[in-house]
Structures are given as structure tokens and as C-alpha cells.
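With compact mmCIF, C-alpha atoms inside, this is coords.txt:
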```
# COMPACT_ATOMS: atom_id res chain seq x y z
CA MET A 1 -37.01 -32.59 60.65
CA THR A 2 -37.20 -33.78 57.07
CA THR A 3 -35.04 -32.67 54.24
CA GLN A 4 -36.64 -31.94 50.93
CA THR A 5 -34.68 -32.37 47.74
CA ASP A 6 -35.76 -30.93 44.47
CA ASP A 7 -36.00 -33.88 42.15
CA PRO A 8 -35.89 -32.64 38.54
CA ILE A 9 -37.71 -35.79 37.40
CA GLU A 10 -41.02 -36.21 39.11
CA PRO A 11 -42.57 -39.65 38.91
CA GLY A 12 -45.70 -39.87 36.80
CA VAL A 13 -45.12 -36.58 34.98
CA SER A 14 -44.46 -36.58 31.25
CA HIS A 15 -41.40 -34.66 30.13
CA GLY A 16 -42.19 -34.19 26.46
CA TRP A 17 -41.68 -36.17 23.32
CA PRO A 18 -38.84 -38.43 24.57
CA ASP A 19 -41.14 -39.92 27.19
CA ARG A 20 -44.01 -40.26 24.72
CA PHE A 21 -41.72 -41.95 22.18
CA ALA A 22 -40.31 -44.30 24.82
CA ALA A 23 -43.82 -45.23 25.98
CA TRP A 24 -44.98 -45.79 22.39
CA ASN A 25 -41.89 -47.89 21.61
CA ASP A 26 -42.31 -49.88 24.83
CA ALA A 27 -45.95 -50.63 24.00
CA ARG A 28 -45.07 -51.81 20.47
CA LEU A 29 -42.25 -54.06 21.66
CA THR A 30 -44.46 -55.58 24.34
CA ALA A 31 -47.22 -56.16 21.79
CA VAL A 32 -44.91 -58.32 19.65
CA GLY A 33 -43.76 -60.36 22.66
CA LEU A 34 -40.54 -58.54 23.54
CA SER A 35 -41.51 -57.82 27.10
CA THR A 36 -38.29 -58.58 28.99
CA PRO A 37 -34.90 -56.88 28.68
CA PHE A 38 -33.30 -60.17 27.58
CA ARG A 39 -35.80 -60.63 24.75
CA ARG A 40 -35.30 -57.04 23.65
CA ASP A 41 -31.53 -57.47 23.70
CA CYS A 42 -31.88 -60.64 21.59
CA ALA A 43 -33.96 -58.69 19.06
CA LEU A 44 -31.27 -55.99 19.03
CA ALA A 45 -28.62 -58.65 18.48
CA VAL A 46 -30.46 -60.13 15.48
CA LEU A 47 -30.89 -56.68 13.95
CA MET A 48 -27.19 -55.96 14.52
CA VAL A 49 -26.23 -59.24 12.80
CA LEU A 50 -28.23 -58.26 9.72
CA LEU A 51 -26.76 -54.75 9.73
CA HIS A 52 -23.19 -55.99 10.12
CA VAL A 53 -23.48 -58.55 7.33
CA VAL A 54 -24.62 -55.81 4.94
CA LEU A 55 -21.96 -53.34 6.13
CA VAL A 56 -19.10 -55.85 5.92
CA GLU A 57 -20.18 -56.89 2.43
CA LEU A 58 -20.23 -53.23 1.36
CA VAL A 59 -16.82 -52.50 2.88
CA PHE A 60 -15.19 -55.49 1.22
CA ALA A 61 -16.89 -54.71 -2.10
CA GLU A 62 -15.45 -51.19 -1.92
CA GLN A 63 -11.98 -52.53 -1.10
CA ALA A 64 -12.14 -54.80 -4.15
CA ARG A 65 -12.40 -51.68 -6.33
CA ILE A 66 -9.02 -50.36 -5.16
CA PRO A 67 -6.26 -51.35 -7.59
CA GLY A 68 -3.79 -53.78 -6.07
CA VAL A 69 -6.04 -54.74 -3.15
CA VAL A 70 -7.64 -58.14 -3.47
CA PRO A 71 -9.48 -59.18 -0.31
CA ALA A 72 -9.55 -62.95 0.05
CA PRO A 73 -12.88 -64.73 0.54
CA PHE A 74 -11.48 -66.11 3.81
CA HIS A 75 -11.08 -62.58 5.18
CA LEU A 76 -14.64 -61.68 4.22
CA THR A 77 -15.90 -64.84 5.91
CA VAL A 78 -13.91 -64.12 9.07
CA ALA A 79 -15.20 -60.55 9.23
CA VAL A 80 -18.83 -61.62 8.75
CA VAL A 81 -18.64 -64.49 11.24
CA VAL A 82 -16.85 -62.51 13.96
CA THR A 83 -19.00 -59.38 13.68
CA SER A 84 -22.08 -61.62 13.77
CA ALA A 85 -20.78 -63.41 16.85
CA GLN A 86 -20.05 -60.06 18.50
CA SER A 87 -23.58 -58.93 17.76
CA LEU A 88 -25.09 -62.11 19.18
CA VAL A 89 -23.14 -61.66 22.42
CA LEU A 90 -25.14 -58.46 22.92
CA CYS A 91 -28.00 -60.71 24.11
CA ILE A 92 -26.37 -60.73 27.56
CA ARG A 93 -25.52 -57.04 27.74
CA ARG A 94 -28.06 -56.39 30.52
CA VAL A 95 -27.70 -59.81 32.16
CA ASN A 96 -23.91 -59.66 32.54
CA PRO A 97 -22.47 -56.47 31.01
CA VAL A 98 -18.86 -57.18 32.02
CA LEU A 99 -18.84 -60.62 30.40
CA CYS A 100 -20.51 -59.19 27.31
CA LEU A 101 -17.86 -56.49 26.91
CA TRP A 102 -14.94 -58.86 27.45
CA VAL A 103 -16.26 -61.48 25.01
CA VAL A 104 -16.89 -58.79 22.38
CA SER A 105 -13.36 -57.48 22.95
CA LEU A 106 -11.81 -60.94 22.70
CA LEU A 107 -13.66 -61.54 19.42
CA GLN A 108 -12.40 -58.19 18.16
CA VAL A 109 -8.80 -59.17 18.91
CA LEU A 110 -9.31 -62.52 17.17
CA MET A 111 -10.62 -60.69 14.12
CA PHE A 112 -7.62 -58.35 14.10
CA ALA A 113 -5.35 -61.41 14.21
CA ALA A 114 -7.17 -63.16 11.35
CA LEU A 115 -7.31 -60.19 8.99
CA PRO A 116 -4.24 -59.11 7.03
CA ALA A 117 -2.13 -56.18 8.20
CA GLY A 118 -3.70 -52.85 7.37
CA VAL A 119 -7.25 -54.21 7.30
CA ALA A 120 -9.46 -53.54 10.28
CA VAL A 121 -13.16 -54.11 10.71
CA ARG A 122 -14.95 -52.91 13.81
CA GLY A 123 -18.68 -53.16 14.14
CA LEU A 124 -21.02 -51.39 16.51
CA ALA A 125 -21.08 -54.19 19.08
CA PRO A 126 -18.02 -53.01 21.07
CA ALA A 127 -19.54 -49.54 21.47
CA ILE A 128 -22.93 -50.94 22.50
CA ALA A 129 -21.30 -53.33 24.99
CA ALA A 130 -19.22 -50.50 26.48
CA TYR A 131 -22.35 -48.34 26.72
CA GLY A 132 -24.09 -51.20 28.50
CA CYS A 133 -21.30 -51.34 31.07
CA GLY A 134 -21.47 -47.59 31.56
CA ALA A 135 -25.23 -47.66 32.02
CA MET A 136 -25.51 -50.76 34.22
CA LEU A 137 -22.45 -50.59 36.47
CA PRO A 138 -21.42 -48.10 39.14
CA SER A 139 -19.19 -45.40 37.70
CA ARG A 140 -15.88 -46.52 39.21
CA ARG A 141 -16.35 -50.14 38.19
CA ALA A 142 -17.47 -49.16 34.68
CA VAL A 143 -14.36 -47.02 34.22
CA ARG A 144 -12.11 -49.86 35.45
CA VAL A 145 -13.77 -52.44 33.18
CA VAL A 146 -13.76 -50.27 30.05
CA ALA A 147 -10.17 -49.13 30.71
CA GLY A 148 -9.12 -52.77 31.12
CA VAL A 149 -10.74 -53.70 27.82
CA ILE A 150 -9.05 -50.77 26.07
CA LEU A 151 -5.66 -51.80 27.48
CA PHE A 152 -6.27 -55.42 26.47
CA GLU A 153 -7.15 -54.53 22.87
CA SER A 154 -4.29 -52.03 22.61
CA ALA A 155 -1.75 -54.52 23.95
CA ALA A 156 -3.00 -57.20 21.58
CA LEU A 157 -2.78 -54.85 18.60
CA LEU A 158 0.72 -53.77 19.62
CA LEU A 159 1.77 -57.39 20.00
CA MET A 160 0.40 -58.25 16.55
CA ALA A 161 2.22 -55.29 15.03
CA VAL A 162 5.57 -56.14 16.66
CA VAL A 163 5.63 -59.94 16.45
CA PRO A 164 5.99 -61.10 12.86
CA GLY A 165 3.44 -63.52 11.54
CA PRO A 166 4.10 -66.67 9.54
CA GLU A 167 5.88 -66.27 6.23
CA PRO A 168 3.48 -66.32 3.31
CA ARG A 169 3.77 -69.29 1.00
CA PRO A 170 5.12 -68.41 -2.43
CA ARG A 171 2.53 -68.54 -5.15
CA GLY A 172 3.07 -69.72 -8.66
CA ARG A 173 4.88 -72.79 -9.90
CA PRO A 174 6.24 -75.17 -7.29
CA SER A 175 9.97 -75.78 -7.20
CA ARG A 176 11.42 -78.51 -9.42
CA ARG A 177 12.56 -80.52 -6.45
CA TRP A 178 9.08 -80.62 -4.95
CA SER A 179 7.34 -81.37 -8.25
CA ALA A 180 9.87 -84.06 -9.14
CA SER A 181 9.47 -85.82 -5.77
CA TRP A 182 5.71 -85.58 -6.10
CA CYS A 183 5.77 -87.16 -9.54
CA ARG A 184 7.92 -90.04 -8.29
CA GLY A 185 5.47 -90.71 -5.48
CA ARG A 186 7.71 -89.74 -2.58
```

Would you give me this structure, written as C-alpha cells?
Amino acid sequence: MTTQTDDPIEPGVSHGWPDRFAAWNDARLTAVGLSTPFRRDCALAVLMVLLHVVLVELVFAEQARIPGVVPAPFHLTVAVVVTSAQSLVLCIRRVNPVLCLWVVSLLQVLMFAALPAGVAVRGLAPAIAAYGCGAMLPSRRAVRVVAGVILFESAALLLMAVVPGPEPRPRGRPSRRWSASWCRGR
């Protein structure tokens, strides 16, 4: 005796415009040489790098308009470099989704540590990497991995908020003692 199940998605049957769009998109990507998932993920990563560079520049330009807030060029450089690196890690999102998510998360924590307090930049790469884990892994493992990443980022942010950073160097004229010893060649 065989059991029949009603499969809502029959193979070979079109289900409207989403299938037509996916087929059209697939044909165009294959025509330009992006035929494997890795190549398509690399193309996505390059597009994300370009998008993040523009978005970070816009965010920092807007922050420069706020009176009393002067973002340093170092912070802009850190934000651009780290969001670009996060985007490039998306190349492996279908090859090794867990590694992709953890590397993106580690880069996010490094960016939080490098930026001044009260400034946070988060690109789209963490969301895309988490989506990749949810789509590629079994449900239980995906939940464990994403929950672990959330706990890791939360603990790192809490640690950065509680542990004081290095004291900022005073700006302006150096002390007389330092300038006098410098002038005497000590």
C-alpha cells in the first residue's frame, strides 16, 4: 500500500511571476558567467562592498553636520574597511554558512571596539549571513548558531560598555616639563 501526500509544489509546474522572475534572473546570471553559487555569492559580495562604502560615507557625512560631533577620519576608515571585509566574507555564505556568520560577527565586534562610544555602524552583511545559516542549516542547528552569535555580540558590547577604555590624550599645548625636556634633547 502506498501513501500519497499532497505536495503543494509540483515539479515542472510554474507558480506565477516569482518562478518566471527567478528563471529570468538565473538565465541572465548564467549568461554573464555566474553559473555557480560561489560565483554568485562573490558577485553579491562585490555589490555589497560598493553599497556599504556609499552608505558609510553618507552616514558619516550626516554626522559631520551635527554640531559638536566631529567624526575622525580614522573612524570613517575603520567603518569602511570593516563593512567591506564583512561583505567580502559573504562569498562563503553557501560554502560554509557557520564560518561566514561567525567571521562577520567577529568583524562587527572589532568595529564596535574601534569606533567611539555612542557610534555604531552595522551593515547588511550580518543579516545576510544569518539568513544564509537559516536557509542552509537544519532548524535546530541554525537556531543554536544564530543564538550563539547574538550572545557573543551582546557579551562583547556589554564588556565594552562596562570596561573603561584608555584615557584620551589631552589636546592642545604640551606641558612645560615635556616641552622643556624635548628642547634640551632628553

Inset, instruction - Using all atoms listed in the file, pick whichever of A:Phe21, A:Phe152, A:Phe60, A:Phe38 has the shortest atom-to-atom distance to Val95 in chain A. - result: A:Phe38

Legend entry - Nearest to Arg39 in chain A by atom-to-atom distance, counting only C-alpha atoms, from A:Val53, A:Ala85, A:Ala61, A:Ile92: A:Ile92

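Proximity to Ala155 in chain A was assessed for A:Leu106, A:Ala114, A:Leu99, A:Pro138 counting only C-alpha atoms; the smallest distance is recorded for A:Leu106.
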
Inset, instruction - Give me the residues within 12 Å of Val103 in chain A as number ranges by chain, counting only C-alpha atoms and dropping any in the same chain fewer than 5 places off. - result: A: 82-83, 85-93, 96-98, 108-110, 125-126, 129-130, 149, 152-153

Requested write-out: C-alpha atoms of the selected residues, as a PDB file, keeping the file's coordinate frame:
```
ATOM      1  CA  VAL A  82     -16.850 -62.510  13.960  1.00  0.00           C
ATOM      2  CA  THR A  83     -19.000 -59.380  13.680  1.00  0.00           C
ATOM      3  CA  ALA A  85     -20.780 -63.410  16.850  1.00  0.00           C
ATOM      4  CA  GLN A  86     -20.050 -60.060  18.500  1.00  0.00           C
ATOM      5  CA  SER A  87     -23.580 -58.930  17.760  1.00  0.00           C
ATOM      6  CA  LEU A  88     -25.090 -62.110  19.180  1.00  0.00           C
ATOM      7  CA  VAL A  89     -23.140 -61.660  22.420  1.00  0.00           C
ATOM      8  CA  LEU A  90     -25.140 -58.460  22.920  1.00  0.00           C
ATOM      9  CA  CYS A  91     -28.000 -60.710  24.110  1.00  0.00           C
ATOM     10  CA  ILE A  92     -26.370 -60.730  27.560  1.00  0.00           C
ATOM     11  CA  ARG A  93     -25.520 -57.040  27.740  1.00  0.00           C
ATOM     12  CA  ASN A  96     -23.910 -59.660  32.540  1.00  0.00           C
ATOM     13  CA  PRO A  97     -22.470 -56.470  31.010  1.00  0.00           C
ATOM     14  CA  VAL A  98     -18.860 -57.180  32.020  1.00  0.00           C
ATOM     15  CA  GLN A 108     -12.400 -58.190  18.160  1.00  0.00           C
ATOM     16  CA  VAL A 109      -8.800 -59.170  18.910  1.00  0.00           C
ATOM     17  CA  LEU A 110      -9.310 -62.520  17.170  1.00  0.00           C
ATOM     18  CA  ALA A 125     -21.080 -54.190  19.080  1.00  0.00           C
ATOM     19  CA  PRO A 126     -18.020 -53.010  21.070  1.00  0.00           C
ATOM     20  CA  ALA A 129     -21.300 -53.330  24.990  1.00  0.00           C
ATOM     21  CA  ALA A 130     -19.220 -50.500  26.480  1.00  0.00           C
ATOM     22  CA  VAL A 149     -10.740 -53.700  27.820  1.00  0.00           C
ATOM     23  CA  PHE A 152      -6.270 -55.420  26.470  1.00  0.00           C
ATOM     24  CA  GLU A 153      -7.150 -54.530  22.870  1.00  0.00           C
TER      25      GLU A 153
END
```

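The two atoms in question, CA of Val49 in chain A and CA of Val81 in chain A, are spaced 9.4 Å apart.
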
Inset, instruction - Would you mind reading off the distance between CA of His52 in chain A and CA of Leu115 in chain A, one decimal, in Å? - result: 16.5 Å

Could the residues of range 109-130 of chain A that have an atom at most 12 Å from range 63-78 of chain A be listed as a Markdown table, each with its closest atom pair and the distance in Å to one decimal, counting all atoms listed in the file and ordered by chain and ascending residue number?
```
| residue | atom | partner | partner_atom | distance |
| --- | --- | --- | --- | --- |
| A:Leu110 | CA | A:Val78 | CA | 9.5 |
| A:Met111 | CA | A:Val78 | CA | 6.9 |
| A:Phe112 | CA | A:Val78 | CA | 9.9 |
| A:Ala113 | CA | A:Val78 | CA | 10.3 |
| A:Ala114 | CA | A:Val78 | CA | 7.2 |
| A:Leu115 | CA | A:His75 | CA | 5.9 |
| A:Pro116 | CA | A:His75 | CA | 7.9 |
| A:Ala117 | CA | A:His75 | CA | 11.4 |
| A:Gly118 | CA | A:Val69 | CA | 10.9 |
| A:Val119 | CA | A:Pro71 | CA | 9.4 |
| A:Ala120 | CA | A:His75 | CA | 10.5 |
| A:Val121 | CA | A:Leu76 | CA | 10.1 |
```

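Of the listed residues A:Leu44, A:Ser105, A:Arg141, A:Leu58, the one whose atoms come nearest to Leu157 in chain A is A:Ser105, with distances taken using only C-alpha atoms.
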
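Between CA of Ala45 in chain A and CA of Val143 in chain A the separation is 24.2 Å.
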
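Remark: for Cys133 in chain A, the closest of the candidate residues A:Val146, A:Val59, A:Leu107, A:Met48 is A:Val146 (distances computed over only C-alpha atoms).
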
Need a file for range 48-65 of chain A from that block: N, CA and C atoms, written as a CSV table (one decimal), in the first residue's frame.
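Wrote result_13.csv, looks like this:
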```csv
chain,number,residue,atom,x,y,z
A,48,MET,N,27.7,44.4,-2.4
A,48,MET,CA,27.6,44.8,-1.0
A,48,MET,C,28.7,45.8,-0.6
A,49,VAL,N,29.9,45.5,-1.1
A,49,VAL,CA,31.0,46.4,-0.8
A,49,VAL,C,30.8,47.8,-1.3
A,50,LEU,N,30.3,47.8,-2.6
A,50,LEU,CA,30.1,49.2,-3.2
A,50,LEU,C,28.9,49.9,-2.4
A,51,LEU,N,27.9,49.1,-2.1
A,51,LEU,CA,26.8,49.7,-1.4
A,51,LEU,C,27.2,50.2,0.0
A,52,HIS,N,28.0,49.4,0.7
A,52,HIS,CA,28.4,49.8,2.1
A,52,HIS,C,29.3,51.0,2.1
A,53,VAL,N,30.2,51.1,1.1
A,53,VAL,CA,31.1,52.3,1.0
A,53,VAL,C,30.3,53.5,0.9
A,54,VAL,N,29.3,53.5,0.0
A,54,VAL,CA,28.4,54.7,-0.2
A,54,VAL,C,27.6,55.0,1.1
A,55,LEU,N,27.0,54.0,1.7
A,55,LEU,CA,26.2,54.2,2.9
A,55,LEU,C,27.0,54.7,4.0
A,56,VAL,N,28.2,54.2,4.2
A,56,VAL,CA,29.0,54.6,5.4
A,56,VAL,C,29.5,56.1,5.1
A,57,GLU,N,29.8,56.4,3.9
A,57,GLU,CA,30.2,57.8,3.6
A,57,GLU,C,29.0,58.7,3.9
A,58,LEU,N,27.8,58.3,3.5
A,58,LEU,CA,26.6,59.2,3.7
A,58,LEU,C,26.3,59.3,5.2
A,59,VAL,N,26.5,58.2,6.0
A,59,VAL,CA,26.2,58.3,7.4
A,59,VAL,C,27.2,59.2,8.1
A,60,PHE,N,28.5,59.1,7.8
A,60,PHE,CA,29.5,59.9,8.4
A,60,PHE,C,29.4,61.4,7.9
A,61,ALA,N,28.9,61.6,6.7
A,61,ALA,CA,28.7,63.0,6.2
A,61,ALA,C,27.6,63.6,7.0
A,62,GLU,N,26.5,62.9,7.3
A,62,GLU,CA,25.4,63.4,8.0
A,62,GLU,C,25.8,63.7,9.5
A,63,GLN,N,26.6,62.8,10.1
A,63,GLN,CA,27.1,63.0,11.4
A,63,GLN,C,27.9,64.3,11.5
A,64,ALA,N,28.7,64.6,10.5
A,64,ALA,CA,29.5,65.8,10.5
A,64,ALA,C,28.7,67.1,10.5
A,65,ARG,N,27.4,67.0,10.1
A,65,ARG,CA,26.6,68.2,10.2
A,65,ARG,C,26.1,68.5,11.6
```
